[in-house]
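Structure first, then comments.
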Amino acid sequence: MTDTVRHCENLIADMTTKARSAASILARATDDQKSLALKYAAQAVRNDMAGILAANALDMEASVKAGLSDALLDRLKLDEKRITAMADAMDKVSTLADPVGEIIDTHTQPNALVMQRVRIPVGVLGIIYESRPNVTADAASLALRSGNAVILRGGSEAVHSNRAIHHAMVTGISQAGLPPESVQSVPTQDRMAVGAMLRAQGAIDMIIPRGGKSLVARVQDEARVPVLAHLHGLCHTYVHNLADPEMAKAIIVNAKMRRTGICGATETLLIDQDYAAPADLVAALIDAGCEVRADDMVMELDSRTVSANEEDWDTEYLDSVISVRMVAGLDDAMDHIARHGSHHTDAIITQDDAAAARFLTEVDSAIVMHNASTQYADGGEFGLGAEIGIATGRLHARGPVALEGLTTYKWLVRGQGQTRP
């Protein structure tokens, strides 16, 4: 073991010990205590807006020099509006119902034993993420509100922003009388620290990765701690032959171009070969500044398109680029999504309720939409206040992961002296 590895192992061990102690306090904290801590944390973020903006400017300058794409720079950039939205989201989480202690179900056995399942915090969470500094606030807020301690490890491109947001939040949490170790930020960008977190079985109860394919792949390959996976967002929108043309055009442009760098942005457009106005969809995207990579049939619609290759159907661009393919009906569209999708968010645009019902039932994604932009794939838009990510697996939680997804449960059994024969 090298000195660097040993240092990172010791660092994470010390942080998890503090987190475990904080988690025991959070688990028995009242609804009012946790809510007040988040309100104070939100106000502390607003109060330190100038410091957070200055820290973000350092990250932006370094990222521009490093040649990050415009889409990644947009994910990284903070301004007064985004910081205010971040604080407002924290306030929103503070008002959500506390899931801890909720009785999920209860029943009485024939022997008169009363069985209850009750929500409890997971314990200590480790969240590893990239690019977007608002994840620091979202993750910390949801973890604390659900009674969990959290260890955050953000990406190097947002290191100054993340530290400034974390510092402000801890100020507010401490003001409310909860332990500052409830929310910790790993103080090094050494990748060895990530490895130490992934090996911290028994100390960290769940790892949540939020980032690109390479980050998630590393976490899934190396983790000895349970993982709640958030895969990349290779989202599709299918325009059925009975779609309303004006609705389809408006949704497609929004789904791709509103914010190209988020995981809910549509990356592949599938157009039914019997749809009446396919050229209008392609032209609207190009006129909005989007590069269209198309199959042969779509290329015939507009000379401004470029030819798609096989890799394009499997690419999350996070940029003003979209893949467009003509499909031979609903089954062909769903087959394409099954072969190339990431089980994140997929949508159908149609006035045919039967086609919509089949799509909603048969497409195996965490979020499936009818006549709506995939950009709604966001915990705040689902009424969850915020999200840690969109879970694309099948176990524990799926879709936007918020308070309920950060809890588990235990059984409470009450008797009157029963003994088992």
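Convention: chains lettered A, B, ... in structure tokens order; per-chain residue numbering from 1; ligands numbered from 1 as shown.
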
I'd like the contact shell of range 271-274 of chain A - 10 Å cut-off, only C-alpha atoms, skipping same-chain residues fewer than 4 positions apart - returned as an MDAnalysis selection string.
chainID A and resid 237:243 278 281:282 297:298 324:330 332:333 349

Restrict the calculation to only C-alpha atoms, then for each residue of range 93-193 of chain A with any atom at most 12 Å from an atom of range 371-383 of chain A give the closest atom pair and their distance in Å to one decimal, rows by chain and rising residue number, as CSV.
```
residue,atom,partner,partner_atom,distance
A:Val93,CA,A:Gly380,CA,9.5
A:Thr95,CA,A:Gly383,CA,11.5
A:Leu96,CA,A:Gly383,CA,9.4
A:Ala97,CA,A:Gly383,CA,11.7
A:Asp138,CA,A:Gly379,CA,10.0
A:Ala139,CA,A:Gly379,CA,11.7
A:Leu142,CA,A:Gly379,CA,11.0
```

Put those residues in a file: N, CA and C atoms, as a PDB file, in the first residue's frame.
```
ATOM      1  N   VAL A  93     -37.509  21.252  -0.047  1.00  0.00           N
ATOM      2  CA  VAL A  93     -37.269  19.961   0.611  1.00  0.00           C
ATOM      3  C   VAL A  93     -37.601  20.049   2.091  1.00  0.00           C
ATOM      4  N   THR A  95     -39.945  21.520   3.454  1.00  0.00           N
ATOM      5  CA  THR A  95     -41.389  21.480   3.682  1.00  0.00           C
ATOM      6  C   THR A  95     -42.006  20.122   3.347  1.00  0.00           C
ATOM      7  N   LEU A  96     -41.223  19.236   2.738  1.00  0.00           N
ATOM      8  CA  LEU A  96     -41.763  17.930   2.372  1.00  0.00           C
ATOM      9  C   LEU A  96     -42.004  17.080   3.612  1.00  0.00           C
ATOM     10  N   ALA A  97     -42.933  16.169   3.497  1.00  0.00           N
ATOM     11  CA  ALA A  97     -43.240  15.278   4.618  1.00  0.00           C
ATOM     12  C   ALA A  97     -42.028  14.425   4.971  1.00  0.00           C
ATOM     13  N   ASP A 138     -28.492  19.653  -3.565  1.00  0.00           N
ATOM     14  CA  ASP A 138     -29.605  18.702  -3.686  1.00  0.00           C
ATOM     15  C   ASP A 138     -29.345  17.449  -2.862  1.00  0.00           C
ATOM     16  N   ALA A 139     -28.159  16.882  -3.013  1.00  0.00           N
ATOM     17  CA  ALA A 139     -27.838  15.632  -2.333  1.00  0.00           C
ATOM     18  C   ALA A 139     -27.811  15.815  -0.823  1.00  0.00           C
ATOM     19  N   LEU A 142     -31.512  16.336   0.551  1.00  0.00           N
ATOM     20  CA  LEU A 142     -32.318  15.120   0.588  1.00  0.00           C
ATOM     21  C   LEU A 142     -31.791  14.125   1.614  1.00  0.00           C
TER      22      LEU A 142
END
```

Let's see if you can do this: from backbone DSSP, list all alpha helix (DSSP H) residues in range 169-271 of chain A, as a PDB file with N, CA, C and O atoms, in the first residue's frame.
```
ATOM      1  N   MET A 169     -23.700  25.504   3.605  1.00  0.00           N
ATOM      2  CA  MET A 169     -24.721  24.603   4.134  1.00  0.00           C
ATOM      3  C   MET A 169     -24.389  24.144   5.553  1.00  0.00           C
ATOM      4  O   MET A 169     -25.263  24.098   6.425  1.00  0.00           O
ATOM      5  N   VAL A 170     -23.133  23.826   5.790  1.00  0.00           N
ATOM      6  CA  VAL A 170     -22.732  23.361   7.121  1.00  0.00           C
ATOM      7  C   VAL A 170     -22.936  24.473   8.153  1.00  0.00           C
ATOM      8  O   VAL A 170     -23.308  24.213   9.301  1.00  0.00           O
ATOM      9  N   THR A 171     -22.709  25.712   7.739  1.00  0.00           N
ATOM     10  CA  THR A 171     -22.967  26.846   8.631  1.00  0.00           C
ATOM     11  C   THR A 171     -24.422  26.849   9.086  1.00  0.00           C
ATOM     12  O   THR A 171     -24.726  27.009  10.279  1.00  0.00           O
ATOM     13  N   GLY A 172     -25.330  26.649   8.142  1.00  0.00           N
ATOM     14  CA  GLY A 172     -26.747  26.625   8.486  1.00  0.00           C
ATOM     15  C   GLY A 172     -27.146  25.421   9.313  1.00  0.00           C
ATOM     16  O   GLY A 172     -27.926  25.533  10.274  1.00  0.00           O
ATOM     17  N   ILE A 173     -26.604  24.256   8.963  1.00  0.00           N
ATOM     18  CA  ILE A 173     -26.931  23.030   9.702  1.00  0.00           C
ATOM     19  C   ILE A 173     -26.479  23.142  11.156  1.00  0.00           C
ATOM     20  O   ILE A 173     -27.210  22.779  12.087  1.00  0.00           O
ATOM     21  N   SER A 174     -25.286  23.684  11.360  1.00  0.00           N
ATOM     22  CA  SER A 174     -24.773  23.847  12.721  1.00  0.00           C
ATOM     23  C   SER A 174     -25.606  24.847  13.505  1.00  0.00           C
ATOM     24  O   SER A 174     -25.848  24.671  14.708  1.00  0.00           O
ATOM     25  N   GLN A 175     -26.062  25.898  12.826  1.00  0.00           N
ATOM     26  CA  GLN A 175     -26.892  26.911  13.480  1.00  0.00           C
ATOM     27  C   GLN A 175     -28.174  26.301  14.026  1.00  0.00           C
ATOM     28  O   GLN A 175     -28.701  26.743  15.062  1.00  0.00           O
ATOM     29  N   ARG A 191      -8.083  10.523  -6.876  1.00  0.00           N
ATOM     30  CA  ARG A 191      -8.996   9.434  -7.248  1.00  0.00           C
ATOM     31  C   ARG A 191      -8.918   8.271  -6.270  1.00  0.00           C
ATOM     32  O   ARG A 191      -9.835   7.450  -6.193  1.00  0.00           O
ATOM     33  N   MET A 192      -7.828   8.180  -5.523  1.00  0.00           N
ATOM     34  CA  MET A 192      -7.698   7.112  -4.531  1.00  0.00           C
ATOM     35  C   MET A 192      -8.773   7.237  -3.456  1.00  0.00           C
ATOM     36  O   MET A 192      -9.177   6.238  -2.850  1.00  0.00           O
ATOM     37  N   ALA A 193      -9.227   8.468  -3.210  1.00  0.00           N
ATOM     38  CA  ALA A 193     -10.277   8.663  -2.204  1.00  0.00           C
ATOM     39  C   ALA A 193     -11.584   8.032  -2.656  1.00  0.00           C
ATOM     40  O   ALA A 193     -12.350   7.504  -1.843  1.00  0.00           O
ATOM     41  N   VAL A 194     -11.857   8.098  -3.960  1.00  0.00           N
ATOM     42  CA  VAL A 194     -13.046   7.424  -4.491  1.00  0.00           C
ATOM     43  C   VAL A 194     -12.943   5.926  -4.248  1.00  0.00           C
ATOM     44  O   VAL A 194     -13.899   5.279  -3.796  1.00  0.00           O
ATOM     45  N   GLY A 195     -11.765   5.362  -4.534  1.00  0.00           N
ATOM     46  CA  GLY A 195     -11.561   3.938  -4.287  1.00  0.00           C
ATOM     47  C   GLY A 195     -11.768   3.572  -2.830  1.00  0.00           C
ATOM     48  O   GLY A 195     -12.358   2.537  -2.512  1.00  0.00           O
ATOM     49  N   ALA A 196     -11.307   4.429  -1.933  1.00  0.00           N
ATOM     50  CA  ALA A 196     -11.484   4.172  -0.500  1.00  0.00           C
ATOM     51  C   ALA A 196     -12.957   4.188  -0.124  1.00  0.00           C
ATOM     52  O   ALA A 196     -13.407   3.387   0.705  1.00  0.00           O
ATOM     53  N   MET A 197     -13.732   5.088  -0.717  1.00  0.00           N
ATOM     54  CA  MET A 197     -15.171   5.116  -0.458  1.00  0.00           C
ATOM     55  C   MET A 197     -15.836   3.830  -0.966  1.00  0.00           C
ATOM     56  O   MET A 197     -16.690   3.249  -0.284  1.00  0.00           O
ATOM     57  N   LEU A 198     -15.423   3.382  -2.139  1.00  0.00           N
ATOM     58  CA  LEU A 198     -16.041   2.198  -2.728  1.00  0.00           C
ATOM     59  C   LEU A 198     -15.719   0.930  -1.945  1.00  0.00           C
ATOM     60  O   LEU A 198     -16.463  -0.055  -2.007  1.00  0.00           O
ATOM     61  N   LYS A 213     -20.732   7.764 -18.119  1.00  0.00           N
ATOM     62  CA  LYS A 213     -20.651   6.305 -18.190  1.00  0.00           C
ATOM     63  C   LYS A 213     -19.399   5.766 -17.518  1.00  0.00           C
ATOM     64  O   LYS A 213     -19.434   4.734 -16.854  1.00  0.00           O
ATOM     65  N   SER A 214     -18.268   6.469 -17.680  1.00  0.00           N
ATOM     66  CA  SER A 214     -17.018   5.957 -17.115  1.00  0.00           C
ATOM     67  C   SER A 214     -17.047   5.970 -15.591  1.00  0.00           C
ATOM     68  O   SER A 214     -16.565   5.037 -14.948  1.00  0.00           O
ATOM     69  N   LEU A 215     -17.620   7.019 -15.009  1.00  0.00           N
ATOM     70  CA  LEU A 215     -17.727   7.080 -13.545  1.00  0.00           C
ATOM     71  C   LEU A 215     -18.626   5.968 -13.032  1.00  0.00           C
ATOM     72  O   LEU A 215     -18.260   5.237 -12.097  1.00  0.00           O
ATOM     73  N   VAL A 216     -19.803   5.832 -13.616  1.00  0.00           N
ATOM     74  CA  VAL A 216     -20.738   4.811 -13.152  1.00  0.00           C
ATOM     75  C   VAL A 216     -20.150   3.419 -13.333  1.00  0.00           C
ATOM     76  O   VAL A 216     -20.288   2.557 -12.458  1.00  0.00           O
ATOM     77  N   ALA A 217     -19.460   3.193 -14.457  1.00  0.00           N
ATOM     78  CA  ALA A 217     -18.847   1.887 -14.700  1.00  0.00           C
ATOM     79  C   ALA A 217     -17.793   1.577 -13.645  1.00  0.00           C
ATOM     80  O   ALA A 217     -17.713   0.445 -13.132  1.00  0.00           O
ATOM     81  N   ARG A 218     -16.990   2.578 -13.291  1.00  0.00           N
ATOM     82  CA  ARG A 218     -15.968   2.344 -12.257  1.00  0.00           C
ATOM     83  C   ARG A 218     -16.615   1.993 -10.923  1.00  0.00           C
ATOM     84  O   ARG A 218     -16.194   1.056 -10.235  1.00  0.00           O
ATOM     85  N   VAL A 219     -17.642   2.749 -10.558  1.00  0.00           N
ATOM     86  CA  VAL A 219     -18.311   2.492  -9.285  1.00  0.00           C
ATOM     87  C   VAL A 219     -18.898   1.085  -9.263  1.00  0.00           C
ATOM     88  O   VAL A 219     -18.731   0.336  -8.292  1.00  0.00           O
ATOM     89  N   GLN A 220     -19.578   0.700 -10.338  1.00  0.00           N
ATOM     90  CA  GLN A 220     -20.202  -0.622 -10.367  1.00  0.00           C
ATOM     91  C   GLN A 220     -19.165  -1.738 -10.380  1.00  0.00           C
ATOM     92  O   GLN A 220     -19.392  -2.809  -9.824  1.00  0.00           O
ATOM     93  N   ASP A 221     -18.023  -1.489 -11.014  1.00  0.00           N
ATOM     94  CA  ASP A 221     -16.974  -2.516 -11.093  1.00  0.00           C
ATOM     95  C   ASP A 221     -16.235  -2.699  -9.766  1.00  0.00           C
ATOM     96  O   ASP A 221     -15.870  -3.816  -9.393  1.00  0.00           O
ATOM     97  N   GLU A 222     -16.010  -1.589  -9.052  1.00  0.00           N
ATOM     98  CA  GLU A 222     -15.118  -1.643  -7.891  1.00  0.00           C
ATOM     99  C   GLU A 222     -15.841  -1.664  -6.544  1.00  0.00           C
ATOM    100  O   GLU A 222     -15.236  -2.022  -5.530  1.00  0.00           O
ATOM    101  N   PRO A 245     -49.007  17.718 -35.365  1.00  0.00           N
ATOM    102  CA  PRO A 245     -47.759  18.306 -35.875  1.00  0.00           C
ATOM    103  C   PRO A 245     -47.233  19.482 -35.060  1.00  0.00           C
ATOM    104  O   PRO A 245     -46.025  19.564 -34.799  1.00  0.00           O
ATOM    105  N   GLU A 246     -48.105  20.400 -34.661  1.00  0.00           N
ATOM    106  CA  GLU A 246     -47.632  21.554 -33.892  1.00  0.00           C
ATOM    107  C   GLU A 246     -47.137  21.133 -32.510  1.00  0.00           C
ATOM    108  O   GLU A 246     -46.124  21.629 -32.011  1.00  0.00           O
ATOM    109  N   MET A 247     -47.873  20.218 -31.878  1.00  0.00           N
ATOM    110  CA  MET A 247     -47.430  19.703 -30.580  1.00  0.00           C
ATOM    111  C   MET A 247     -46.091  18.996 -30.711  1.00  0.00           C
ATOM    112  O   MET A 247     -45.180  19.204 -29.900  1.00  0.00           O
ATOM    113  N   ALA A 248     -45.967  18.165 -31.729  1.00  0.00           N
ATOM    114  CA  ALA A 248     -44.734  17.394 -31.915  1.00  0.00           C
ATOM    115  C   ALA A 248     -43.542  18.319 -32.098  1.00  0.00           C
ATOM    116  O   ALA A 248     -42.482  18.127 -31.483  1.00  0.00           O
ATOM    117  N   LYS A 249     -43.697  19.342 -32.915  1.00  0.00           N
ATOM    118  CA  LYS A 249     -42.588  20.264 -33.171  1.00  0.00           C
ATOM    119  C   LYS A 249     -42.175  20.996 -31.897  1.00  0.00           C
ATOM    120  O   LYS A 249     -40.985  21.113 -31.580  1.00  0.00           O
ATOM    121  N   ALA A 250     -43.165  21.480 -31.156  1.00  0.00           N
ATOM    122  CA  ALA A 250     -42.852  22.214 -29.924  1.00  0.00           C
ATOM    123  C   ALA A 250     -42.159  21.322 -28.899  1.00  0.00           C
ATOM    124  O   ALA A 250     -41.180  21.726 -28.261  1.00  0.00           O
ATOM    125  N   ILE A 251     -42.664  20.099 -28.751  1.00  0.00           N
ATOM    126  CA  ILE A 251     -42.075  19.189 -27.765  1.00  0.00           C
ATOM    127  C   ILE A 251     -40.664  18.800 -28.161  1.00  0.00           C
ATOM    128  O   ILE A 251     -39.751  18.798 -27.321  1.00  0.00           O
ATOM    129  N   ILE A 252     -40.450  18.473 -29.425  1.00  0.00           N
ATOM    130  CA  ILE A 252     -39.135  18.012 -29.868  1.00  0.00           C
ATOM    131  C   ILE A 252     -38.074  19.083 -29.661  1.00  0.00           C
ATOM    132  O   ILE A 252     -36.981  18.810 -29.151  1.00  0.00           O
ATOM    133  N   VAL A 253     -38.371  20.312 -30.065  1.00  0.00           N
ATOM    134  CA  VAL A 253     -37.385  21.382 -29.900  1.00  0.00           C
ATOM    135  C   VAL A 253     -37.079  21.604 -28.421  1.00  0.00           C
ATOM    136  O   VAL A 253     -35.915  21.770 -28.025  1.00  0.00           O
ATOM    137  N   ASN A 254     -38.099  21.575 -27.572  1.00  0.00           N
ATOM    138  CA  ASN A 254     -37.880  21.746 -26.138  1.00  0.00           C
ATOM    139  C   ASN A 254     -37.100  20.574 -25.552  1.00  0.00           C
ATOM    140  O   ASN A 254     -36.159  20.761 -24.760  1.00  0.00           O
ATOM    141  N   ALA A 255     -37.484  19.363 -25.937  1.00  0.00           N
ATOM    142  CA  ALA A 255     -36.866  18.161 -25.373  1.00  0.00           C
ATOM    143  C   ALA A 255     -35.375  18.082 -25.691  1.00  0.00           C
ATOM    144  O   ALA A 255     -34.584  17.556 -24.902  1.00  0.00           O
ATOM    145  N   LYS A 256     -34.977  18.631 -26.828  1.00  0.00           N
ATOM    146  CA  LYS A 256     -33.560  18.619 -27.196  1.00  0.00           C
ATOM    147  C   LYS A 256     -32.832  19.885 -26.764  1.00  0.00           C
ATOM    148  O   LYS A 256     -31.734  19.832 -26.201  1.00  0.00           O
ATOM    149  N   MET A 257     -33.460  21.060 -27.000  1.00  0.00           N
ATOM    150  CA  MET A 257     -32.697  22.296 -26.975  1.00  0.00           C
ATOM    151  C   MET A 257     -32.880  23.159 -25.734  1.00  0.00           C
ATOM    152  O   MET A 257     -32.119  24.105 -25.537  1.00  0.00           O
TER     153      MET A 257
END
```

Would you list the contacts of range 108-114 of chain A as an MDAnalysis selection string, taking every protein, DNA or RNA residue within 12 Å and counting only C-alpha atoms, but skipping same-chain residues closer than 3 positions in sequence?
chainID A and resid 105 117 411:421

Backbone-only DSSP, strand (DSSP E or B) members of range 176-343 of chain A, as a ChimeraX atom specification
/A:183-185,201,204,206-210,227,235-239,266-272,291-294,306-307,321-327

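Picture a line from CA of Trp313 in chain A to CA of Lys77 in chain A; it runs 28.5 Å.
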
Kindly give the distance, in Å, that separates CA of Met115 in chain A and CA of Gly101 in chain A, rounded to a single decimal.
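So the two atoms, CA of Met115 in chain A and CA of Gly101 in chain A, lie 14.5 Å apart.
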